[in-house]
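*Asks:* One file: run.txt (compact mmCIF, C-alpha atoms).
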```
# COMPACT_ATOMS: atom_id res chain seq x y z
CA MET A 1 20.54 -71.32 12.60
CA ALA A 2 21.57 -68.71 10.02
CA ASP A 3 24.70 -69.57 8.08
CA ARG A 4 24.86 -66.41 5.94
CA PRO A 5 25.31 -62.81 7.14
CA GLY A 6 22.02 -60.95 7.14
CA GLU A 7 19.89 -64.07 6.76
CA VAL A 8 16.64 -63.89 8.70
CA VAL A 9 15.79 -66.98 10.73
CA GLY A 10 12.28 -67.55 11.97
CA ASP A 11 8.79 -66.79 10.79
CA GLU A 12 9.04 -63.06 10.20
CA ALA A 13 11.67 -60.42 9.58
CA PRO A 14 12.17 -57.89 12.37
CA ALA A 15 9.76 -54.95 12.16
CA GLY A 16 9.65 -51.56 13.79
CA PRO A 17 10.50 -47.91 13.33
CA GLY A 18 13.51 -47.35 11.11
CA LEU A 19 13.82 -50.96 9.94
CA GLY A 20 12.18 -50.49 6.55
CA CYS A 21 10.47 -53.27 4.61
CA GLN A 22 12.56 -56.35 4.03
CA GLY A 23 12.26 -58.49 0.95
CA PRO A 24 14.26 -60.71 -1.37
CA ASP A 25 16.65 -59.37 -4.03
CA GLN A 26 15.94 -55.71 -3.30
CA GLY A 27 19.02 -54.55 -5.18
CA TYR A 28 17.24 -55.45 -8.41
CA ALA A 29 15.17 -52.27 -8.03
CA LEU A 30 18.32 -50.27 -8.80
CA LYS A 31 18.76 -52.19 -12.05
CA LEU A 32 15.13 -51.50 -12.97
CA ALA A 33 15.58 -47.80 -12.16
CA GLN A 34 18.38 -47.56 -14.73
CA ARG A 35 15.79 -48.21 -17.45
CA PHE A 36 14.12 -44.88 -16.60
CA ALA A 37 17.31 -42.82 -16.64
CA GLY A 38 16.85 -39.84 -18.94
CA ARG A 39 13.10 -40.47 -19.26
CA LEU A 40 11.75 -38.67 -16.18
CA VAL A 41 9.87 -35.39 -16.41
CA LEU A 42 11.60 -33.20 -13.83
CA ALA A 43 11.08 -29.57 -12.82
CA ASP A 44 13.71 -27.02 -11.89
CA GLY A 45 15.41 -27.99 -8.65
CA GLU A 46 14.70 -31.71 -9.00
CA ARG A 47 17.38 -34.33 -9.57
CA GLU A 48 16.93 -37.58 -11.43
CA ASP A 49 19.02 -39.56 -8.93
CA ASP A 50 16.87 -38.32 -6.03
CA ALA A 51 13.65 -39.16 -7.90
CA LEU A 52 14.80 -42.66 -8.78
CA ALA A 53 16.18 -43.36 -5.29
CA GLY A 54 12.94 -42.27 -3.62
CA CYS A 55 10.78 -44.20 -6.07
CA CYS A 56 12.94 -47.31 -5.55
CA ALA A 57 12.15 -47.12 -1.83
CA VAL A 58 8.43 -47.00 -2.55
CA ALA A 59 8.77 -49.81 -5.09
CA LEU A 60 10.58 -51.97 -2.53
CA ARG A 61 7.85 -51.42 0.03
CA ARG A 62 5.27 -52.48 -2.55
CA ALA A 63 7.26 -55.59 -3.47
CA SER A 64 7.63 -56.52 0.20
CA LEU A 65 3.85 -56.30 0.69
CA PHE A 66 3.55 -59.09 -1.86
CA GLY A 67 6.48 -61.04 -0.37
CA ARG A 68 8.59 -60.97 -3.51
CA ALA A 69 11.48 -59.29 -5.24
CA PRO A 70 10.82 -55.98 -7.02
CA VAL A 71 9.52 -55.98 -10.59
CA MET A 72 9.06 -53.23 -13.16
CA HIS A 73 5.43 -52.66 -12.11
CA ASP A 74 6.57 -51.68 -8.60
CA LEU A 75 8.85 -48.97 -9.90
CA ARG A 76 6.35 -47.79 -12.53
CA LEU A 77 3.68 -47.44 -9.83
CA ALA A 78 5.97 -45.23 -7.74
CA LEU A 79 6.92 -43.08 -10.73
CA GLU A 80 3.25 -42.69 -11.70
CA LEU A 81 2.29 -41.90 -8.12
CA PHE A 82 4.68 -38.97 -7.90
CA GLY A 83 4.11 -37.76 -11.46
CA PHE A 84 7.63 -38.35 -12.75
CA LEU A 85 6.40 -39.80 -16.07
CA ILE A 86 4.17 -36.86 -17.06
CA ASP A 87 4.16 -33.09 -16.94
CA ALA A 88 2.82 -33.08 -13.38
CA ASP A 89 0.58 -30.57 -11.66
CA ALA A 90 2.55 -27.62 -10.25
CA ALA A 91 1.27 -28.29 -6.73
CA LEU A 92 2.46 -31.91 -6.91
CA VAL A 93 5.87 -30.80 -8.17
CA THR A 94 6.20 -28.34 -5.27
CA TRP A 95 5.12 -31.01 -2.78
CA ARG A 96 7.43 -33.72 -4.12
CA ARG A 97 10.48 -31.46 -4.56
CA ALA A 98 10.81 -31.04 -0.79
CA ARG A 99 10.23 -34.72 -0.03
CA PHE A 100 12.68 -36.15 -2.57
CA ALA A 101 15.53 -33.70 -1.97
CA GLY A 102 18.64 -35.63 -0.91
CA ALA A 103 17.16 -39.12 -1.37
CA ALA A 104 20.19 -40.27 -3.39
CA GLY A 105 22.76 -38.69 -1.10
CA HIS A 106 24.88 -40.17 1.66
CA HIS A 107 22.24 -39.26 4.23
CA GLY A 108 19.25 -40.22 2.09
CA TYR A 109 18.20 -43.29 4.07
CA HIS A 110 15.70 -41.38 6.20
CA VAL A 111 14.40 -39.45 3.19
CA LYS A 112 13.66 -42.74 1.42
CA LEU A 113 12.20 -44.32 4.54
CA ARG A 114 9.79 -41.39 5.00
CA LEU A 115 8.73 -41.61 1.36
CA ALA A 116 8.07 -45.35 1.56
CA ASP A 117 6.15 -45.00 4.83
CA LEU A 118 4.06 -42.15 3.46
CA ILE A 119 2.15 -44.20 0.89
CA PRO A 120 -0.98 -46.04 2.10
CA ALA A 121 -0.81 -49.81 1.66
CA ASP A 122 -4.12 -49.73 -0.24
CA THR A 123 -2.49 -47.52 -2.87
CA LEU A 124 0.51 -49.85 -3.15
CA ARG A 125 -1.81 -52.77 -3.89
CA LEU A 126 -3.22 -51.03 -6.99
CA THR A 127 -1.91 -51.49 -10.52
CA PRO A 128 0.28 -48.76 -12.03
CA ALA A 129 -2.55 -47.93 -14.47
CA ALA A 130 -5.04 -47.54 -11.61
CA VAL A 131 -2.62 -45.26 -9.77
CA ALA A 132 -2.09 -43.14 -12.89
CA GLU A 133 -5.86 -42.80 -13.31
CA ALA A 134 -6.38 -41.92 -9.64
CA CYS A 135 -3.59 -39.36 -9.78
CA SER A 136 -5.10 -37.75 -12.87
CA GLU A 137 -8.33 -37.17 -10.94
CA ASN A 138 -6.72 -35.89 -7.72
CA TRP A 139 -3.03 -36.60 -7.02
CA ARG A 140 -3.49 -36.10 -3.27
CA VAL A 141 -5.86 -39.06 -2.76
CA PRO A 142 -3.52 -41.94 -3.72
CA LEU A 143 -0.78 -40.31 -1.63
CA GLY A 144 -3.08 -40.39 1.38
CA LEU A 145 -3.11 -36.61 1.77
```
Rewrite the coordinates I just gave you, this time as structure tokens.
*Replies:*
Amino acid sequence: MADRPGEVVGDEAPAGPGLGCQGPDQGYALKLAQRFAGRLVLADGEREDDALAGCCAVALRRASLFGRAPVMHDLRLALELFGFLIDADAALVTWRRARFAGAAGHHGYHVKLRLADLIPADTLRLTPAAVAEACSENWRVPLGL
């Protein structure tokens, strides 16, 4: 029997539409994201808080695939995937601007959930360096587009 609020009892956490990807110590991703504050390469109309919030969601999904808390590599992979650490291709910037808008806001839960669900699991299992290399060849492929 669970003796703490929110504790999952049984073999697996509940799964289904809108439930996200559960994992331990997910709040740590926010601490990791602070290390990238002021370092992102953003285009006009993009906000750093939206970019970091959306990338945290992707990082948390990656961490949950491995059954662990988030680490820096999870967040770096997400930032590489969406081109926030380089001067990204104009088409990628246009594509991501619409998908990240509002991720950090009060109603950003569904924005973040869509971003996390968008990325193929095979991409999330790669290293950040492999994702950066794949994105440099064709940014659409690792995003599953």
*Asks:* Using only C-alpha atoms, determine which residues lie at most 8 Å from range 59-67 of chain A, disregarding the query and same-chain residues fewer than 6 positions distant; provide the list as a ChimeraX atom specification.
*Replies:* /A:20-24,26,29,74-75,77-78,116,121,124-125
*Asks:* Counting all atoms listed in the file, figure out which residue out of A:Ala91, A:Leu143, A:Ala103, A:Leu81 gets nearest to Val131 in chain A.
*Replies:*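 Residue with the minimum atom-to-atom distance to Val131 in chain A: A:Leu81.
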*Asks:* For a quick check of understanding, using all atoms listed in the file, which of A:Met72, A:Val41, A:Ile119, A:Ala98 has the smallest distance to Leu85 in chain A?
*Replies:* A:Val41
*Asks:* Rank A:Ile86, A:Cys56, A:Leu40, A:Leu113 by their smallest atom-to-atom distance to Cys135 in chain A, using all atoms listed in the file, and report the top residue only.
*Replies:*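 Smallest distance to Cys135 in chain A is found for A:Ile86.
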*Asks:* What lies within 12 Å of Gly38 in chain A using all atoms listed in the file, ignoring chain neighbours under 4 positions off, as a PyMOL selection string?
*Replies:* chain A and resi 33-34+42+47-49+51-52+84-85
*Asks:* Give me, please, the distance in Å between CA of Phe82 in chain A and CA of Glu137 in chain A, quoted to one decimal.
*Replies:*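 Taking CA of Phe82 in chain A as the start and CA of Glu137 in chain A as the end point, the length is 13.5 Å.
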*Asks:* From the structure just shown, export range 53-65 of chain A with all heavy atoms as a PDB file, in the first residue's frame.
*Replies:*
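Output (result26.pdb):
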```pdb
ATOM      1  N   ALA A  53      11.609  24.718 -21.453  1.00  0.00           N
ATOM      2  CA  ALA A  53      10.482  23.912 -20.957  1.00  0.00           C
ATOM      3  C   ALA A  53      10.187  22.751 -21.902  1.00  0.00           C
ATOM      4  O   ALA A  53       9.996  21.604 -21.466  1.00  0.00           O
ATOM      5  CB  ALA A  53       9.246  24.787 -20.777  1.00  0.00           C
ATOM      6  N   GLY A  54      10.156  23.028 -23.198  1.00  0.00           N
ATOM      7  CA  GLY A  54       9.894  21.974 -24.174  1.00  0.00           C
ATOM      8  C   GLY A  54      10.998  20.934 -24.209  1.00  0.00           C
ATOM      9  O   GLY A  54      10.732  19.730 -24.280  1.00  0.00           O
ATOM     10  N   CYS A  55      12.241  21.379 -24.120  1.00  0.00           N
ATOM     11  CA  CYS A  55      13.365  20.448 -24.133  1.00  0.00           C
ATOM     12  C   CYS A  55      13.412  19.624 -22.849  1.00  0.00           C
ATOM     13  O   CYS A  55      13.804  18.451 -22.874  1.00  0.00           O
ATOM     14  CB  CYS A  55      14.668  21.190 -24.375  1.00  0.00           C
ATOM     15  SG  CYS A  55      14.841  21.725 -26.104  1.00  0.00           S
ATOM     16  N   CYS A  56      12.989  20.206 -21.736  1.00  0.00           N
ATOM     17  CA  CYS A  56      12.901  19.433 -20.485  1.00  0.00           C
ATOM     18  C   CYS A  56      11.919  18.278 -20.638  1.00  0.00           C
ATOM     19  O   CYS A  56      12.179  17.168 -20.164  1.00  0.00           O
ATOM     20  CB  CYS A  56      12.478  20.323 -19.323  1.00  0.00           C
ATOM     21  SG  CYS A  56      13.824  21.245 -18.579  1.00  0.00           S
ATOM     22  N   ALA A  57      10.805  18.529 -21.312  1.00  0.00           N
ATOM     23  CA  ALA A  57       9.812  17.469 -21.513  1.00  0.00           C
ATOM     24  C   ALA A  57      10.397  16.319 -22.324  1.00  0.00           C
ATOM     25  O   ALA A  57      10.186  15.143 -22.003  1.00  0.00           O
ATOM     26  CB  ALA A  57       8.570  18.038 -22.197  1.00  0.00           C
ATOM     27  N   VAL A  58      11.139  16.654 -23.364  1.00  0.00           N
ATOM     28  CA  VAL A  58      11.778  15.622 -24.184  1.00  0.00           C
ATOM     29  C   VAL A  58      12.849  14.899 -23.367  1.00  0.00           C
ATOM     30  O   VAL A  58      12.966  13.674 -23.413  1.00  0.00           O
ATOM     31  CB  VAL A  58      12.366  16.232 -25.471  1.00  0.00           C
ATOM     32  CG1 VAL A  58      13.183  15.213 -26.249  1.00  0.00           C
ATOM     33  CG2 VAL A  58      11.247  16.800 -26.343  1.00  0.00           C
ATOM     34  N   ALA A  59      13.619  15.652 -22.590  1.00  0.00           N
ATOM     35  CA  ALA A  59      14.651  15.052 -21.742  1.00  0.00           C
ATOM     36  C   ALA A  59      14.041  14.087 -20.727  1.00  0.00           C
ATOM     37  O   ALA A  59      14.595  13.013 -20.463  1.00  0.00           O
ATOM     38  CB  ALA A  59      15.438  16.150 -21.022  1.00  0.00           C
ATOM     39  N   LEU A  60      12.904  14.452 -20.170  1.00  0.00           N
ATOM     40  CA  LEU A  60      12.244  13.580 -19.189  1.00  0.00           C
ATOM     41  C   LEU A  60      11.741  12.302 -19.833  1.00  0.00           C
ATOM     42  O   LEU A  60      11.787  11.227 -19.224  1.00  0.00           O
ATOM     43  CB  LEU A  60      11.114  14.333 -18.505  1.00  0.00           C
ATOM     44  CG  LEU A  60      11.574  15.432 -17.556  1.00  0.00           C
ATOM     45  CD1 LEU A  60      10.381  16.247 -17.066  1.00  0.00           C
ATOM     46  CD2 LEU A  60      12.346  14.858 -16.399  1.00  0.00           C
ATOM     47  N   ARG A  61      11.246  12.406 -21.058  1.00  0.00           N
ATOM     48  CA  ARG A  61      10.806  11.189 -21.747  1.00  0.00           C
ATOM     49  C   ARG A  61      12.003  10.271 -21.977  1.00  0.00           C
ATOM     50  O   ARG A  61      11.921   9.060 -21.789  1.00  0.00           O
ATOM     51  CB  ARG A  61      10.128  11.522 -23.063  1.00  0.00           C
ATOM     52  CG  ARG A  61       9.713  10.277 -23.805  1.00  0.00           C
ATOM     53  CD  ARG A  61       8.722  10.499 -24.900  1.00  0.00           C
ATOM     54  NE  ARG A  61       8.529   9.251 -25.594  1.00  0.00           N
ATOM     55  CZ  ARG A  61       8.735   9.088 -26.914  1.00  0.00           C
ATOM     56  NH1 ARG A  61       9.073  10.118 -27.654  1.00  0.00           N
ATOM     57  NH2 ARG A  61       8.563   7.917 -27.465  1.00  0.00           N
ATOM     58  N   ARG A  62      13.124  10.856 -22.386  1.00  0.00           N
ATOM     59  CA  ARG A  62      14.334  10.053 -22.607  1.00  0.00           C
ATOM     60  C   ARG A  62      14.776   9.381 -21.306  1.00  0.00           C
ATOM     61  O   ARG A  62      15.074   8.185 -21.283  1.00  0.00           O
ATOM     62  CB  ARG A  62      15.460  10.930 -23.146  1.00  0.00           C
ATOM     63  CG  ARG A  62      16.729  10.152 -23.436  1.00  0.00           C
ATOM     64  CD  ARG A  62      17.801  11.054 -24.047  1.00  0.00           C
ATOM     65  NE  ARG A  62      18.914  10.278 -24.564  1.00  0.00           N
ATOM     66  CZ  ARG A  62      20.043  10.030 -23.895  1.00  0.00           C
ATOM     67  NH1 ARG A  62      20.216  10.526 -22.676  1.00  0.00           N
ATOM     68  NH2 ARG A  62      20.998   9.316 -24.436  1.00  0.00           N
ATOM     69  N   ALA A  63      14.818  10.134 -20.227  1.00  0.00           N
ATOM     70  CA  ALA A  63      15.223   9.564 -18.941  1.00  0.00           C
ATOM     71  C   ALA A  63      14.290   8.425 -18.534  1.00  0.00           C
ATOM     72  O   ALA A  63      14.748   7.385 -18.035  1.00  0.00           O
ATOM     73  CB  ALA A  63      15.243  10.646 -17.864  1.00  0.00           C
ATOM     74  N   SER A  64      12.994   8.597 -18.763  1.00  0.00           N
ATOM     75  CA  SER A  64      12.042   7.560 -18.366  1.00  0.00           C
ATOM     76  C   SER A  64      12.207   6.289 -19.193  1.00  0.00           C
ATOM     77  O   SER A  64      11.942   5.194 -18.704  1.00  0.00           O
ATOM     78  CB  SER A  64      10.606   8.079 -18.444  1.00  0.00           C
ATOM     79  OG  SER A  64      10.184   8.205 -19.780  1.00  0.00           O
ATOM     80  N   LEU A  65      12.659   6.419 -20.441  1.00  0.00           N
ATOM     81  CA  LEU A  65      12.922   5.223 -21.254  1.00  0.00           C
ATOM     82  C   LEU A  65      14.003   4.354 -20.625  1.00  0.00           C
ATOM     83  O   LEU A  65      13.986   3.132 -20.758  1.00  0.00           O
ATOM     84  CB  LEU A  65      13.374   5.624 -22.665  1.00  0.00           C
ATOM     85  CG  LEU A  65      12.312   6.135 -23.616  1.00  0.00           C
ATOM     86  CD1 LEU A  65      12.952   6.593 -24.923  1.00  0.00           C
ATOM     87  CD2 LEU A  65      11.272   5.070 -23.892  1.00  0.00           C
TER      88      LEU A  65
END
```
